[in-house]
There are 2 protein chains.
Amino acid sequence: MRIVLIGFGTVGQGLVEILRDKAADLKLSENFVPQLVGVVTRSRGSLYHPNGLDLNGLLTAIKAGSLDQYPDTPGLERGWNALQTIQAGADVMVEAGPSNFETGQPALDYCYAALENGQHIVLANKGPVAVAYHELVSRAKAAGKKLRFEATVMAGTPSIRLGTQALAGCKITQARGILNGTTNYILTQMEDGMTYADALARAQALGYAEADPTADVDGWDAAAKAIILAAALFRARLTLKDMNVRGIRDLTTDDVTAAKAAGERWKLIAQVTPAGGSVQPTRVPLSHPLAGVSGATNAVTYITDLLGDITLVGAGAGRLQTGFGVLSDLLEINEGELISRI
Amino acid sequence: MRIVLIGFGTVGQGLVEILRDKAADLKLSENFVPQLVGVVTRSRGSLYHPNGLDLNGLLTAIKAGSLDQYPDTPGLERGWNALQTIQAGADVMVEAGPSNFETGQPALDYCYAALENGQHIVLANKGPVAVAYHELVSRAKAAGKKLRFEATVMAGTPSIRLGTQALAGCKITQARGILNGTTNYILTQMEDGMTYADALARAQALGYAEADPTADVDGWDAAAKAIILAAALFRARLTLKDMNVRGIRDLTTDDVTAAKAAGERWKLIAQVTPAGGSVQPTRVPLSHPLAGVSGATNAVTYITDLLGDITLVGAGAGRLQTGFGVLSDLLEINEGELISRI
């Protein structure tokens with residue numbers, strides 16, 4: 001499997017680390033032999049080699065600051081942009097660039113280009129799925145290619161796979177959960193007595209929150225994930241405008257203390273049905289299945305007809321955790337390709 | 001897909017109810033058109049019809065007390081035992097009889113007979129998997145048939161599927177959880193002030209606990225499920241003798257009150273690694289992910305290399321919940337058959 005990787009930040013590096021460290025295992029247990037032929041960044045260089053790039057060389061170069069540090073080899077191309085790299089050829093395009101919830105761009109155009117060039121798509125980038133899921137699905141179907149996006153919700157914790165595959169035969173009527181790790185971390189710190197500002201600063205220091213924390217603390221990241229779940233589970237066509245969104249910015253230490261005194265906890269709960277959804281700070285009793293989900297951990301509950309409530313709790317972020325989300329999509333595509341060759 | 005069902009108790013009836021009520025859905029969404037050709041009970045009659053039995057007729061008859069109440073139709077056979085029924089022919093045998101953790105019998109012989117007759121196997125019965133997993137896998141492989149057993153652990157909550165499929169590419173090093181609903185229900189009631197004896201009586205009245213509650217309250221049911229998880233996740237060959245098992249029979253109201261006062265809860269925790277395992281009443285702090293799992297709900301945590309801890313919480317028992325576990329295995333086998341026919 002020849003792979004082009006667009007974006008080489010935390011997630012992309014996590015993926016490459018896993019591919020490097022688990023190469024023997026993945027070949028043996030999963031019959032998976034990936035070849036990373038292209039890596040593209042916005043400002044830290046780009047590489048393409050039709051015979052594959054050296055994974056350790058890539059990680060060493062990016063840690064030194066730029067892919068320009070990657071050693072020269074015959075046939076190596078440097079400096080191509082994403083479209084040039086996609087057009088050079090691969091079996092799968094992985095998009096792990098930053099998410100844009102308004103337009104999905106430029107990742108959305110990369111997705112279309114990948115399909116036009118006969119490539120499956122794996123997204124860690126939430127933008128294209130949140131903004132244009134149905135258009136993407138219809139173009140992928142027309143091209144006979146797969147579109148996968150496990151890493152967009154709860155990192156590699158298999159929330160999408162659970163809802164769309166493991167629960168096949170069940171009807172899911174609602175999904176609700178804690179889908180943003182940054183805000184959950186801040187709320188947990190506030191329960192331990194920190195102010196909102198201090199907790200946010202600590203989340204930023206730990207790399208949970210971006211320098212501009214708006215998407216997290218105002219609820220938009222959780223809302224985008226809820227929209228992605230609604231699209232995957234219900235084929236619902238929701239946009240951010242269909243979501244009733246409030247973040248945690250206005251929660252005070254007093255609010256948190258009052259909840260604690262009443263045996264309750266504030267959680268930023270995202271919920272979605274086929275008709276719409278919301279993201280709202282919510283006081284939940286300690287006995288609530290989501291009350292015990294603390295720190296940067298995420299959780300989702302699917303309400304189903306046959307099974308009742310099914311809750312999945314796991315990492316919501318992290319280098320290897322999100323890298324694994326991409327890997328699990330690659331493995332599924334690989335399995336499909338192996339079957340189609342029988 | 002022609003199905004033979006051995007055992008027509010709670011689980012078998014739940015499955016048939018789902019197949020009846022979701023027939024149109026399952027055909028449309030999953031391309032699944034099952035035909036139940038045989039149903040066998042130990043003491044309430046047996047039926048076989050090569051063209052399929054009427055699902056509603058089956059449920060009406062068993063609710064009236066016996067399959068003898070099922071209306072006569074041309075070609076209908078009555079009173080065959082399990083082996084005769086299996087030999088009469090089907091694509092899949094579903095075993096939903098009572099679990100025997102010592103010998104796995106008579107279900108184990110039915111499994112071997114099914115494989116000899118070219119049938120896939122779906123088990124809700126824990127006995128054969130707990131006692132003879134490796135022999136079953138090797139015979140199924142030799143026969144080119146599938147062996148599935150989602151319903152044996154946490155009813156239809158996809159614990160097996162999560163560990164063996166959705167987490168493919170991750171290494172699971174340990175599984176631990178609350179795998180027995182009856183004991184968890186009793187412990188939850190004791191926290192609310194009931195004595196062990198009263199809580200057990202209530203569990204029996206609600207149908208959670210058997211008349212002889214030994215397998216549940218002494219931990220053997222949880223141990224068998226842990227062994228099944230170890231076999232599925234690690235290919236480990238554990239037996240009940242490899243498990244350090246203690247039940248909840250000796251826990252007093254004082255023990256429960258003392259834990260509560262210390263901000264802790266007693267839970268019957270089963271844990272298993274490739275090397276062995278245990279079932280032990282354990283005091284866990286309220287912040288522990290398994291502390292909030294109350295009543296008859298079950299939960300399992302997989303400790304993984306790439307994702308950290310992944311916890312799945314859901315029903316551990318119930319007619320439709322366990323029936324769905326069987327259905328999800330049937331759907332997977334059906335998908336495999338559809339692919340192999342392309």
# chains A, B, ... in the order shown; residues from 1 in each chain; ligands from 1
$ residues_around --residues "Asp212 (chain A)" --least-positions-apart "6" --cutoff "12 Å" --atoms "only C-alpha atoms" --output "PyMOL selection string"
chain A and resi 200-201+203-204+218
$ calpha_fit_and_write --fixed "chain B" --moving "chain A" --output "mmCIF file with C-alpha atoms, in the first residue's frame"
data_model
loop_
_atom_site.group_PDB
_atom_site.id
_atom_site.type_symbol
_atom_site.label_atom_id
_atom_site.label_comp_id
_atom_site.auth_asym_id
_atom_site.auth_seq_id
_atom_site.Cartn_x
_atom_site.Cartn_y
_atom_site.Cartn_z
ATOM 1 C CA MET A 1 -28.815 -18.530 5.482
ATOM 2 C CA ARG A 2 -30.338 -21.691 6.939
ATOM 3 C CA ILE A 3 -30.044 -21.789 10.724
ATOM 4 C CA VAL A 4 -30.456 -24.528 13.314
ATOM 5 C CA LEU A 5 -31.042 -23.279 16.863
ATOM 6 C CA ILE A 6 -30.167 -25.534 19.792
ATOM 7 C CA GLY A 7 -31.800 -24.240 22.972
ATOM 8 C CA PHE A 8 -34.924 -22.103 22.958
ATOM 9 C CA GLY A 9 -34.765 -20.311 26.313
ATOM 10 C CA THR A 10 -34.347 -16.599 26.928
ATOM 11 C CA VAL A 11 -31.540 -16.081 24.418
ATOM 12 C CA GLY A 12 -33.037 -18.215 21.658
ATOM 13 C CA GLN A 13 -36.391 -16.509 22.043
ATOM 14 C CA GLY A 14 -34.735 -13.078 22.026
ATOM 15 C CA LEU A 15 -32.986 -13.955 18.772
ATOM 16 C CA VAL A 16 -36.170 -15.219 17.118
ATOM 17 C CA GLU A 17 -38.059 -12.114 18.259
ATOM 18 C CA ILE A 18 -35.411 -9.890 16.658
ATOM 19 C CA LEU A 19 -35.409 -11.931 13.447
ATOM 20 C CA ARG A 20 -39.193 -11.627 13.316
ATOM 21 C CA ASP A 21 -39.436 -7.918 14.145
ATOM 22 C CA LYS A 22 -36.431 -6.741 12.107
ATOM 23 C CA ALA A 23 -36.812 -8.969 9.046
ATOM 24 C CA ALA A 24 -37.388 -6.119 6.583
ATOM 25 C CA ASP A 25 -34.599 -3.974 8.054
ATOM 26 C CA LEU A 26 -32.077 -6.799 8.081
ATOM 27 C CA LYS A 27 -32.808 -7.650 4.468
ATOM 28 C CA LEU A 28 -32.558 -4.032 3.340
ATOM 29 C CA SER A 29 -29.575 -2.788 5.360
ATOM 30 C CA GLU A 30 -27.560 -5.970 5.828
ATOM 31 C CA ASN A 31 -28.630 -8.132 2.900
ATOM 32 C CA PHE A 32 -29.466 -10.766 5.498
ATOM 33 C CA VAL A 33 -32.281 -13.240 4.808
ATOM 34 C CA PRO A 34 -32.220 -15.906 7.505
ATOM 35 C CA GLN A 35 -34.297 -19.054 7.464
ATOM 36 C CA LEU A 36 -34.694 -20.882 10.763
ATOM 37 C CA VAL A 37 -34.995 -24.537 9.722
ATOM 38 C CA GLY A 38 -34.644 -26.248 13.113
ATOM 39 C CA VAL A 39 -35.229 -25.560 16.812
ATOM 40 C CA VAL A 40 -34.316 -28.068 19.507
ATOM 41 C CA THR A 41 -35.115 -27.996 23.229
ATOM 42 C CA ARG A 42 -34.347 -30.531 25.926
ATOM 43 C CA SER A 43 -37.844 -30.960 27.285
ATOM 44 C CA ARG A 44 -40.153 -28.734 25.285
ATOM 45 C CA GLY A 45 -40.089 -30.417 21.882
ATOM 46 C CA SER A 46 -38.130 -29.982 18.666
ATOM 47 C CA LEU A 47 -39.016 -28.957 15.130
ATOM 48 C CA TYR A 48 -37.349 -29.162 11.740
ATOM 49 C CA HIS A 49 -38.608 -28.015 8.379
ATOM 50 C CA PRO A 50 -36.274 -27.851 5.371
ATOM 51 C CA ASN A 51 -38.126 -24.793 4.028
ATOM 52 C CA GLY A 52 -38.009 -22.880 7.312
ATOM 53 C CA LEU A 53 -40.182 -22.493 10.380
ATOM 54 C CA ASP A 54 -42.609 -19.674 11.059
ATOM 55 C CA LEU A 55 -40.991 -17.374 13.637
ATOM 56 C CA ASN A 56 -44.194 -16.108 15.153
ATOM 57 C CA GLY A 57 -45.561 -19.637 15.331
ATOM 58 C CA LEU A 58 -42.441 -20.718 17.227
ATOM 59 C CA LEU A 59 -42.746 -17.915 19.777
ATOM 60 C CA THR A 60 -46.458 -18.545 20.273
ATOM 61 C CA ALA A 61 -45.868 -22.270 20.765
ATOM 62 C CA ILE A 62 -43.025 -21.899 23.282
ATOM 63 C CA LYS A 63 -44.956 -19.292 25.250
ATOM 64 C CA ALA A 64 -47.820 -21.788 25.413
ATOM 65 C CA GLY A 65 -45.354 -24.204 27.007
ATOM 66 C CA SER A 66 -44.023 -26.441 24.240
ATOM 67 C CA LEU A 67 -43.092 -26.623 20.569
ATOM 68 C CA ASP A 68 -45.693 -29.389 20.342
ATOM 69 C CA GLN A 69 -48.190 -26.496 20.072
ATOM 70 C CA TYR A 70 -46.629 -25.449 16.732
ATOM 71 C CA PRO A 71 -49.132 -26.116 13.908
ATOM 72 C CA ASP A 72 -48.644 -29.080 11.584
ATOM 73 C CA THR A 73 -47.435 -28.336 8.067
ATOM 74 C CA PRO A 74 -46.442 -30.709 5.257
ATOM 75 C CA GLY A 75 -42.771 -31.676 5.601
ATOM 76 C CA LEU A 76 -42.530 -30.731 9.289
ATOM 77 C CA GLU A 77 -40.464 -33.082 11.465
ATOM 78 C CA ARG A 78 -41.010 -33.268 15.211
ATOM 79 C CA GLY A 79 -39.048 -34.683 18.117
ATOM 80 C CA TRP A 80 -35.597 -34.957 16.562
ATOM 81 C CA ASN A 81 -32.701 -34.579 18.956
ATOM 82 C CA ALA A 82 -29.911 -32.040 18.434
ATOM 83 C CA LEU A 83 -27.634 -34.356 16.444
ATOM 84 C CA GLN A 84 -30.425 -35.496 14.123
ATOM 85 C CA THR A 85 -31.408 -31.880 13.551
ATOM 86 C CA ILE A 86 -27.836 -30.785 12.815
ATOM 87 C CA GLN A 87 -27.377 -33.708 10.426
ATOM 88 C CA ALA A 88 -30.544 -32.731 8.563
ATOM 89 C CA GLY A 89 -28.632 -29.754 7.220
ATOM 90 C CA ALA A 90 -28.143 -26.015 7.713
ATOM 91 C CA ASP A 91 -25.568 -23.280 7.046
ATOM 92 C CA VAL A 92 -25.115 -22.219 10.667
ATOM 93 C CA MET A 93 -25.681 -23.874 14.026
ATOM 94 C CA VAL A 94 -26.540 -21.543 16.919
ATOM 95 C CA GLU A 95 -25.967 -23.084 20.367
ATOM 96 C CA ALA A 96 -27.924 -21.268 23.061
ATOM 97 C CA GLY A 97 -28.304 -24.020 25.625
ATOM 98 C CA PRO A 98 -27.181 -23.866 29.276
ATOM 99 C CA SER A 99 -23.437 -23.480 29.939
ATOM 100 C CA ASN A 100 -21.432 -26.301 31.476
ATOM 101 C CA PHE A 101 -18.039 -24.960 32.595
ATOM 102 C CA GLU A 102 -16.589 -28.406 33.437
ATOM 103 C CA THR A 103 -17.046 -30.337 30.210
ATOM 104 C CA GLY A 104 -18.731 -27.919 27.783
ATOM 105 C CA GLN A 105 -21.144 -30.779 27.045
ATOM 106 C CA PRO A 106 -23.420 -31.609 25.386
ATOM 107 C CA ALA A 107 -22.911 -28.388 23.398
ATOM 108 C CA LEU A 108 -19.317 -29.247 22.514
ATOM 109 C CA ASP A 109 -20.390 -32.417 20.701
ATOM 110 C CA TYR A 110 -23.026 -30.398 18.842
ATOM 111 C CA CYS A 111 -20.280 -28.019 17.712
ATOM 112 C CA TYR A 112 -18.162 -30.854 16.385
ATOM 113 C CA ALA A 113 -21.183 -32.359 14.635
ATOM 114 C CA ALA A 114 -22.019 -28.986 13.093
ATOM 115 C CA LEU A 115 -18.494 -28.656 11.680
ATOM 116 C CA GLU A 116 -18.616 -32.207 10.329
ATOM 117 C CA ASN A 117 -21.818 -31.220 8.563
ATOM 118 C CA GLY A 118 -20.271 -28.093 7.058
ATOM 119 C CA GLN A 119 -21.907 -25.552 9.360
ATOM 120 C CA HIS A 120 -20.575 -22.333 10.846
ATOM 121 C CA ILE A 121 -20.963 -22.080 14.630
ATOM 122 C CA VAL A 122 -22.395 -19.257 16.720
ATOM 123 C CA LEU A 123 -22.314 -19.748 20.478
ATOM 124 C CA ALA A 124 -24.243 -18.027 23.214
ATOM 125 C CA ASN A 125 -23.322 -21.040 25.358
ATOM 126 C CA LYS A 126 -20.110 -20.263 27.260
ATOM 127 C CA GLY A 127 -19.160 -23.881 27.991
ATOM 128 C CA PRO A 128 -17.584 -24.966 24.688
ATOM 129 C CA VAL A 129 -15.471 -21.788 24.339
ATOM 130 C CA ALA A 130 -14.333 -21.784 27.969
ATOM 131 C CA VAL A 131 -13.439 -25.484 27.908
ATOM 132 C CA ALA A 132 -12.239 -26.214 24.368
ATOM 133 C CA TYR A 133 -11.564 -22.987 22.481
ATOM 134 C CA HIS A 134 -8.369 -24.135 20.791
ATOM 135 C CA GLU A 135 -9.740 -27.492 19.705
ATOM 136 C CA LEU A 136 -12.815 -25.731 18.310
ATOM 137 C CA VAL A 137 -10.734 -23.156 16.433
ATOM 138 C CA SER A 138 -8.511 -25.820 14.938
ATOM 139 C CA ARG A 139 -11.461 -27.972 13.811
ATOM 140 C CA ALA A 140 -13.300 -24.910 12.439
ATOM 141 C CA LYS A 141 -10.206 -23.888 10.465
ATOM 142 C CA ALA A 142 -9.816 -27.391 9.071
ATOM 143 C CA ALA A 143 -13.472 -27.329 8.015
ATOM 144 C CA GLY A 144 -13.177 -23.814 6.556
ATOM 145 C CA LYS A 145 -15.972 -22.626 8.836
ATOM 146 C CA LYS A 146 -16.339 -19.723 11.236
ATOM 147 C CA LEU A 147 -16.632 -19.891 15.014
ATOM 148 C CA ARG A 148 -18.176 -16.832 16.682
ATOM 149 C CA PHE A 149 -19.213 -16.215 20.300
ATOM 150 C CA GLU A 150 -19.937 -12.528 20.899
ATOM 151 C CA ALA A 151 -22.931 -13.319 23.133
ATOM 152 C CA THR A 152 -20.833 -15.311 25.638
ATOM 153 C CA VAL A 153 -19.281 -12.192 27.225
ATOM 154 C CA MET A 154 -21.386 -9.103 28.116
ATOM 155 C CA ALA A 155 -24.373 -10.352 26.080
ATOM 156 C CA GLY A 156 -24.521 -8.412 22.798
ATOM 157 C CA THR A 157 -22.296 -5.571 23.998
ATOM 158 C CA PRO A 158 -19.506 -6.036 21.439
ATOM 159 C CA SER A 159 -16.654 -6.851 23.814
ATOM 160 C CA ILE A 160 -15.159 -9.611 21.650
ATOM 161 C CA ARG A 161 -15.529 -7.643 18.428
ATOM 162 C CA LEU A 162 -13.936 -4.569 20.057
ATOM 163 C CA GLY A 163 -10.915 -6.537 21.238
ATOM 164 C CA THR A 164 -10.347 -8.700 18.190
ATOM 165 C CA GLN A 165 -11.417 -6.441 15.316
ATOM 166 C CA ALA A 166 -11.841 -2.760 16.182
ATOM 167 C CA LEU A 167 -8.512 -2.704 18.072
ATOM 168 C CA ALA A 168 -6.564 -4.669 15.439
ATOM 169 C CA GLY A 169 -3.066 -3.190 15.231
ATOM 170 C CA CYS A 170 -3.043 -2.458 18.977
ATOM 171 C CA LYS A 171 -1.567 -4.885 21.460
ATOM 172 C CA ILE A 172 -3.872 -5.680 24.377
ATOM 173 C CA THR A 173 -1.862 -6.673 27.430
ATOM 174 C CA GLN A 174 -4.653 -7.078 29.969
ATOM 175 C CA ALA A 175 -8.436 -7.183 30.193
ATOM 176 C CA ARG A 176 -10.313 -6.441 33.384
ATOM 177 C CA GLY A 177 -13.895 -5.761 34.127
ATOM 178 C CA ILE A 178 -17.222 -6.453 35.703
ATOM 179 C CA LEU A 179 -18.350 -9.485 33.744
ATOM 180 C CA ASN A 180 -21.182 -10.815 35.899
ATOM 181 C CA GLY A 181 -24.391 -8.819 36.114
ATOM 182 C CA THR A 182 -25.983 -10.778 38.967
ATOM 183 C CA THR A 183 -23.207 -10.074 41.459
ATOM 184 C CA ASN A 184 -22.947 -6.438 40.395
ATOM 185 C CA TYR A 185 -26.679 -6.085 40.910
ATOM 186 C CA ILE A 186 -26.430 -7.658 44.372
ATOM 187 C CA LEU A 187 -23.515 -5.384 45.353
ATOM 188 C CA THR A 188 -25.398 -2.300 44.159
ATOM 189 C CA GLN A 189 -28.451 -3.338 46.220
ATOM 190 C CA MET A 190 -26.252 -3.942 49.279
ATOM 191 C CA GLU A 191 -24.909 -0.392 48.945
ATOM 192 C CA ASP A 192 -28.491 0.773 49.183
ATOM 193 C CA GLY A 193 -28.777 -1.059 52.497
ATOM 194 C CA MET A 194 -30.048 -4.524 51.602
ATOM 195 C CA THR A 195 -28.538 -7.674 53.106
ATOM 196 C CA TYR A 196 -26.771 -10.156 50.842
ATOM 197 C CA ALA A 197 -29.608 -12.678 51.252
ATOM 198 C CA ASP A 198 -32.327 -10.143 50.422
ATOM 199 C CA ALA A 199 -30.391 -8.787 47.434
ATOM 200 C CA LEU A 200 -29.866 -12.327 46.118
ATOM 201 C CA ALA A 201 -33.559 -13.106 46.523
ATOM 202 C CA ARG A 202 -34.432 -9.947 44.597
ATOM 203 C CA ALA A 203 -31.956 -10.833 41.831
ATOM 204 C CA GLN A 204 -33.611 -14.261 41.600
ATOM 205 C CA ALA A 205 -37.079 -12.715 41.491
ATOM 206 C CA LEU A 206 -35.958 -10.450 38.637
ATOM 207 C CA GLY A 207 -34.536 -13.412 36.715
ATOM 208 C CA TYR A 208 -30.901 -12.214 36.982
ATOM 209 C CA ALA A 209 -29.839 -15.099 39.223
ATOM 210 C CA GLU A 210 -30.526 -18.800 38.745
ATOM 211 C CA ALA A 211 -32.281 -20.896 41.405
ATOM 212 C CA ASP A 212 -28.797 -22.271 42.137
ATOM 213 C CA PRO A 213 -26.761 -19.045 42.160
ATOM 214 C CA THR A 214 -23.368 -20.743 42.719
ATOM 215 C CA ALA A 215 -21.904 -20.024 39.265
ATOM 216 C CA ASP A 216 -22.680 -16.317 39.660
ATOM 217 C CA VAL A 217 -22.031 -15.511 43.320
ATOM 218 C CA ASP A 218 -18.946 -17.699 43.657
ATOM 219 C CA GLY A 219 -17.323 -16.081 40.629
ATOM 220 C CA TRP A 220 -17.250 -19.014 38.205
ATOM 221 C CA ASP A 221 -19.372 -17.337 35.548
ATOM 222 C CA ALA A 222 -17.069 -14.279 35.563
ATOM 223 C CA ALA A 223 -14.019 -16.569 35.511
ATOM 224 C CA ALA A 224 -15.329 -18.468 32.477
ATOM 225 C CA LYS A 225 -15.915 -15.182 30.650
ATOM 226 C CA ALA A 226 -12.405 -14.014 31.522
ATOM 227 C CA ILE A 227 -11.043 -17.276 30.093
ATOM 228 C CA ILE A 228 -13.047 -16.716 26.908
ATOM 229 C CA LEU A 229 -11.640 -13.176 26.619
ATOM 230 C CA ALA A 230 -8.112 -14.486 27.186
ATOM 231 C CA ALA A 231 -8.595 -17.087 24.463
ATOM 232 C CA ALA A 232 -10.011 -14.565 21.982
ATOM 233 C CA LEU A 233 -7.574 -11.732 22.768
ATOM 234 C CA PHE A 234 -4.347 -13.573 23.613
ATOM 235 C CA ARG A 235 -4.916 -17.096 22.251
ATOM 236 C CA ALA A 236 -4.216 -18.067 25.869
ATOM 237 C CA ARG A 237 -5.016 -21.607 26.996
ATOM 238 C CA LEU A 238 -6.365 -20.965 30.474
ATOM 239 C CA THR A 239 -8.719 -23.174 32.451
ATOM 240 C CA LEU A 240 -10.703 -22.453 35.596
ATOM 241 C CA LYS A 241 -7.757 -23.925 37.538
ATOM 242 C CA ASP A 242 -5.510 -21.104 36.262
ATOM 243 C CA MET A 243 -7.859 -18.525 37.759
ATOM 244 C CA ASN A 244 -7.665 -17.279 41.325
ATOM 245 C CA VAL A 245 -11.402 -17.090 42.018
ATOM 246 C CA ARG A 246 -13.326 -15.693 44.971
ATOM 247 C CA GLY A 247 -16.978 -14.689 44.868
ATOM 248 C CA ILE A 248 -19.085 -12.260 46.880
ATOM 249 C CA ARG A 249 -20.843 -14.771 49.152
ATOM 250 C CA ASP A 250 -18.859 -13.710 52.234
ATOM 251 C CA LEU A 251 -19.274 -9.952 51.798
ATOM 252 C CA THR A 252 -21.292 -8.472 54.615
ATOM 253 C CA THR A 253 -23.364 -5.317 54.839
ATOM 254 C CA ASP A 254 -20.618 -4.022 57.164
ATOM 255 C CA ASP A 255 -17.976 -4.529 54.458
ATOM 256 C CA VAL A 256 -20.102 -2.597 52.003
ATOM 257 C CA THR A 257 -20.836 0.193 54.481
ATOM 258 C CA ALA A 258 -17.152 0.517 55.413
ATOM 259 C CA ALA A 259 -16.173 0.875 51.744
ATOM 260 C CA LYS A 260 -18.889 3.456 51.178
ATOM 261 C CA ALA A 261 -17.680 5.490 54.162
ATOM 262 C CA ALA A 262 -14.183 5.487 52.658
ATOM 263 C CA GLY A 263 -15.487 6.743 49.278
ATOM 264 C CA GLU A 264 -15.056 3.317 47.712
ATOM 265 C CA ARG A 265 -17.196 0.538 46.281
ATOM 266 C CA TRP A 266 -16.938 -3.243 46.217
ATOM 267 C CA LYS A 267 -16.893 -4.640 42.702
ATOM 268 C CA LEU A 268 -16.329 -8.231 41.593
ATOM 269 C CA ILE A 269 -13.398 -7.590 39.264
ATOM 270 C CA ALA A 270 -12.280 -10.210 36.768
ATOM 271 C CA GLN A 271 -8.872 -9.654 35.212
ATOM 272 C CA VAL A 272 -6.812 -11.668 32.815
ATOM 273 C CA THR A 273 -3.451 -11.498 31.060
ATOM 274 C CA PRO A 274 -1.867 -14.023 28.690
ATOM 275 C CA ALA A 275 -0.364 -15.709 31.790
ATOM 276 C CA GLY A 276 -3.424 -16.116 33.999
ATOM 277 C CA GLY A 277 -6.099 -14.257 35.821
ATOM 278 C CA SER A 278 -8.334 -13.786 38.801
ATOM 279 C CA VAL A 279 -11.834 -12.949 39.933
ATOM 280 C CA GLN A 280 -11.843 -11.088 43.247
ATOM 281 C CA PRO A 281 -14.134 -8.762 45.175
ATOM 282 C CA THR A 282 -12.186 -5.503 45.077
ATOM 283 C CA ARG A 283 -12.628 -2.115 46.717
ATOM 284 C CA VAL A 284 -12.296 0.550 44.033
ATOM 285 C CA PRO A 285 -12.305 4.326 44.550
ATOM 286 C CA LEU A 286 -15.279 6.242 43.143
ATOM 287 C CA SER A 287 -12.961 7.776 40.542
ATOM 288 C CA HIS A 288 -12.176 4.294 39.119
ATOM 289 C CA PRO A 289 -13.713 3.816 35.652
ATOM 290 C CA LEU A 290 -15.497 0.655 36.856
ATOM 291 C CA ALA A 291 -16.885 2.240 40.044
ATOM 292 C CA GLY A 292 -19.789 3.893 38.224
ATOM 293 C CA VAL A 293 -20.935 0.654 36.599
ATOM 294 C CA SER A 294 -23.999 -0.263 38.625
ATOM 295 C CA GLY A 295 -26.872 -2.718 38.641
ATOM 296 C CA ALA A 296 -26.814 -5.508 36.061
ATOM 297 C CA THR A 297 -24.595 -3.481 33.712
ATOM 298 C CA ASN A 298 -21.210 -4.937 32.741
ATOM 299 C CA ALA A 299 -17.961 -3.309 31.670
ATOM 300 C CA VAL A 300 -14.578 -4.324 30.368
ATOM 301 C CA THR A 301 -11.346 -2.339 30.155
ATOM 302 C CA TYR A 302 -8.668 -3.317 27.670
ATOM 303 C CA ILE A 303 -5.178 -2.088 28.518
ATOM 304 C CA THR A 304 -3.394 -1.449 25.221
ATOM 305 C CA ASP A 305 0.026 -0.318 24.027
ATOM 306 C CA LEU A 306 -1.020 2.467 21.644
ATOM 307 C CA LEU A 307 -4.369 3.644 23.005
ATOM 308 C CA GLY A 308 -3.972 3.300 26.747
ATOM 309 C CA ASP A 309 -7.141 2.091 28.490
ATOM 310 C CA ILE A 310 -10.310 1.536 26.458
ATOM 311 C CA THR A 311 -13.472 0.807 28.435
ATOM 312 C CA LEU A 312 -16.729 -0.548 27.053
ATOM 313 C CA VAL A 313 -19.845 -0.380 29.241
ATOM 314 C CA GLY A 314 -23.151 -2.018 28.398
ATOM 315 C CA ALA A 315 -25.743 -4.653 29.070
ATOM 316 C CA GLY A 316 -24.403 -7.904 30.503
ATOM 317 C CA ALA A 317 -27.597 -9.887 30.127
ATOM 318 C CA GLY A 318 -31.132 -9.711 28.814
ATOM 319 C CA ARG A 319 -33.304 -11.378 26.189
ATOM 320 C CA LEU A 320 -32.882 -8.932 23.299
ATOM 321 C CA GLN A 321 -29.386 -7.872 24.377
ATOM 322 C CA THR A 322 -28.050 -11.433 24.225
ATOM 323 C CA GLY A 323 -30.156 -12.246 21.166
ATOM 324 C CA PHE A 324 -28.466 -9.322 19.453
ATOM 325 C CA GLY A 325 -25.047 -10.811 20.298
ATOM 326 C CA VAL A 326 -26.021 -13.915 18.313
ATOM 327 C CA LEU A 327 -27.449 -11.773 15.515
ATOM 328 C CA SER A 328 -24.229 -9.754 15.179
ATOM 329 C CA ASP A 329 -22.277 -13.001 14.708
ATOM 330 C CA LEU A 330 -24.802 -14.198 12.118
ATOM 331 C CA LEU A 331 -24.437 -10.881 10.261
ATOM 332 C CA GLU A 332 -20.667 -11.231 10.186
ATOM 333 C CA ILE A 333 -20.897 -14.779 8.845
ATOM 334 C CA ASN A 334 -23.468 -13.639 6.289
ATOM 335 C CA GLU A 335 -21.150 -10.852 5.106
ATOM 336 C CA GLY A 336 -18.308 -13.337 4.705
ATOM 337 C CA GLU A 337 -20.554 -15.644 2.658
ATOM 338 C CA LEU A 338 -21.685 -12.762 0.436
ATOM 339 C CA ILE A 339 -18.072 -11.721 -0.212
ATOM 340 C CA SER A 340 -16.989 -15.290 -0.972
ATOM 341 C CA ARG A 341 -19.707 -15.509 -3.629
ATOM 342 C CA ILE A 342 -18.493 -12.454 -5.580
#
$ select_by_dssp --residues "region 70-296 of chain B" --states "strand (DSSP E or B)" --output "ChimeraX atom specification"
/B:77-78,92-95,120-123,147-148,172-178,243-245,264-273,276-285
$ select_by_dssp --residues "region 200-330 of chain B" --states "alpha helix (DSSP H)" --output "number ranges by chain"
B: 200-205, 214-217, 220-234, 253-261, 319-330
